[in-house]
Structure formats: structure tokens, C-alpha cells
Amino acid sequence: MTIYLVRHAKAGSRKNWDDDDTQRPLVESGWEQARLLVQKFENVEVTRLISSPYMRCQQTLQPLAEARGLVVEVDERLAENTSRDIVAELLNTVDEGTVLCSHGDVIPDVLGLFERHGMTLLSWCDTRKGATALLEKADGVFSTADFWAPPSV
């Protein structure tokens, strides 16, 4: 069983954003990454899309939602600064083909937790903006993680 964990695509600079950070959008190159993610998932049966409540995460999954006729669900447990245990709990409840989008502080933290519990990283832990972790689950536990590099723009 495979679950996909995407780091949001490129967004504008946090230091140059004066508004609420949850509303910081993707920049044009981030939108291009989001559109290219549709190609990355071309041969995957995507069953569900779940995003952090942050705008940049929702926007990262939007082109995939449109291509697959799905709705991007918002889940607070994928927000920045969320405990890895809370995120792990969520990941343990989703089904095959679920694509989740979160942040650069959350993803390595939860992957580290899974690794400490026996998960094997099959390649370098790529958490650059737009990268995707492919999490394989067997017998109820995450056994391996592989990574798709971010779409090049």
C-alpha cells in the first residue's frame, strides 16, 4: 500500500509576506511545479487528496484535484509545527493512493519517527519544495520510503 506525502511547491518569501502566513500563495514557478505534479502521478490511482490548511499546500494539490475530479480536503493535522505523532496518526488512517501535502518542518520529522520504528529510506530523504515521499505500508507499518524529486521548472 502506497501513500504519497508532498511538500508544498514554491511559495513567495516568508520574510517578504506581510499578511497571515497561512494565506501565502504559490509563486508562478510553484504553480508550474503543481501542474507538473499531475504528470508525476500519471500512472498512480489517486483516491484522495488531503492538504494542510495553508494556502500554498492547497494550491499545490489543486491541479491534481482538477485533473482527477477530486476535492482537496483540508486537515489541520498537516499544518506547520504539528507534532510528528499527530501526523503519524493521520498517515496511519488513510487508504492506498492518498496524496497529502504538508510542510518542510513536518515531513522530515514524521519520516524520522517512522525510520526510528524500522522504516527504511530507499533513497536520499528529499524534502525540497515540490518533492514527494512515497511511503510503503506493509502489515500495518510503514516499511519503506522512496522519493520523487521536485518537478523542475
# chains A, B, ... in the order shown; residues from 1 in each chain; ligands from 1

$ closest_atom_pairs --of "region 2-54 of chain A" --to "region 74-82 of chain A" --cutoff "6 Å" --atoms "only C-alpha atoms" --output "JSON lines"
{"residue": "A:Ile50", "atom": "CA", "partner": "A:Val74", "partner_atom": "CA", "distance": 5.7}
{"residue": "A:Ser51", "atom": "CA", "partner": "A:Val74", "partner_atom": "CA", "distance": 4.9}
{"residue": "A:Ser52", "atom": "CA", "partner": "A:Leu78", "partner_atom": "CA", "distance": 4.4}
{"residue": "A:Pro53", "atom": "CA", "partner": "A:Val74", "partner_atom": "CA", "distance": 5.4}

$ select_by_dssp --residues "chain A" --states "strand (DSSP E or B)" --output "PDB file with C-alpha atoms, in the first residue's frame"
ATOM      1  CA  THR A   2       1.436   3.374  -1.032  1.00  0.00           C
ATOM      2  CA  ILE A   3       0.673   6.787   0.436  1.00  0.00           C
ATOM      3  CA  TYR A   4       2.170   9.969  -1.013  1.00  0.00           C
ATOM      4  CA  LEU A   5       3.401  12.873   1.097  1.00  0.00           C
ATOM      5  CA  VAL A   6       4.164  16.030  -0.907  1.00  0.00           C
ATOM      6  CA  ARG A   7       5.964  19.116   0.330  1.00  0.00           C
ATOM      7  CA  ALA A  11       5.714  29.970  -2.446  1.00  0.00           C
ATOM      8  CA  LEU A  26       2.439  29.828  -4.606  1.00  0.00           C
ATOM      9  CA  ARG A  48      -7.962  11.106  -2.025  1.00  0.00           C
ATOM     10  CA  LEU A  49      -6.234  14.488  -1.601  1.00  0.00           C
ATOM     11  CA  ILE A  50      -5.593  15.966   1.853  1.00  0.00           C
ATOM     12  CA  SER A  51      -3.847  19.281   2.487  1.00  0.00           C
ATOM     13  CA  VAL A  72      -8.780  18.857  -1.817  1.00  0.00           C
ATOM     14  CA  GLU A  73      -9.728  18.118   1.789  1.00  0.00           C
ATOM     15  CA  VAL A  74      -8.172  20.350   4.448  1.00  0.00           C
ATOM     16  CA  THR A  98      -3.987   9.075  -0.751  1.00  0.00           C
ATOM     17  CA  VAL A  99      -1.872  12.144  -1.528  1.00  0.00           C
ATOM     18  CA  LEU A 100      -1.196  14.502   1.370  1.00  0.00           C
ATOM     19  CA  CYS A 101       0.515  17.899   1.258  1.00  0.00           C
ATOM     20  CA  SER A 102       2.396  19.431   4.171  1.00  0.00           C
ATOM     21  CA  THR A 120      13.956   2.085   5.515  1.00  0.00           C
ATOM     22  CA  LEU A 121      14.768   5.075   3.319  1.00  0.00           C
ATOM     23  CA  THR A 132       7.121  13.669  -2.870  1.00  0.00           C
ATOM     24  CA  ALA A 133       7.737  10.864  -0.389  1.00  0.00           C
ATOM     25  CA  LEU A 134       6.308   7.502  -1.446  1.00  0.00           C
ATOM     26  CA  LEU A 135       5.515   5.691   1.782  1.00  0.00           C
ATOM     27  CA  GLU A 136       5.004   1.943   1.560  1.00  0.00           C
ATOM     28  CA  LYS A 137       2.977   0.325   4.274  1.00  0.00           C
ATOM     29  CA  ALA A 138       3.022  -3.422   4.903  1.00  0.00           C
ATOM     30  CA  VAL A 141       3.536  -0.340   9.482  1.00  0.00           C
ATOM     31  CA  PHE A 142       5.457   1.957   7.185  1.00  0.00           C
ATOM     32  CA  SER A 143       8.253  -0.195   5.812  1.00  0.00           C
ATOM     33  CA  THR A 144       9.983   1.930   3.157  1.00  0.00           C
ATOM     34  CA  ALA A 145      10.115   5.454   1.810  1.00  0.00           C
ATOM     35  CA  ASP A 146      11.321   6.471  -1.615  1.00  0.00           C
ATOM     36  CA  PHE A 147      11.277   9.950  -3.104  1.00  0.00           C
ATOM     37  CA  TRP A 148      10.351  11.757  -6.284  1.00  0.00           C
TER      38      TRP A 148
END

$ closest_residue --among "A:Gly130, A:Gly30, A:Pro63, A:Pro25" --to "Ala149 (chain A)" --atoms "only C-alpha atoms"
A:Gly130

$ closest_residue --among "A:Asp126, A:Glu115, A:Glu45, A:Glu66" --to "Gly97 (chain A)" --atoms "only C-alpha atoms"
A:Glu45
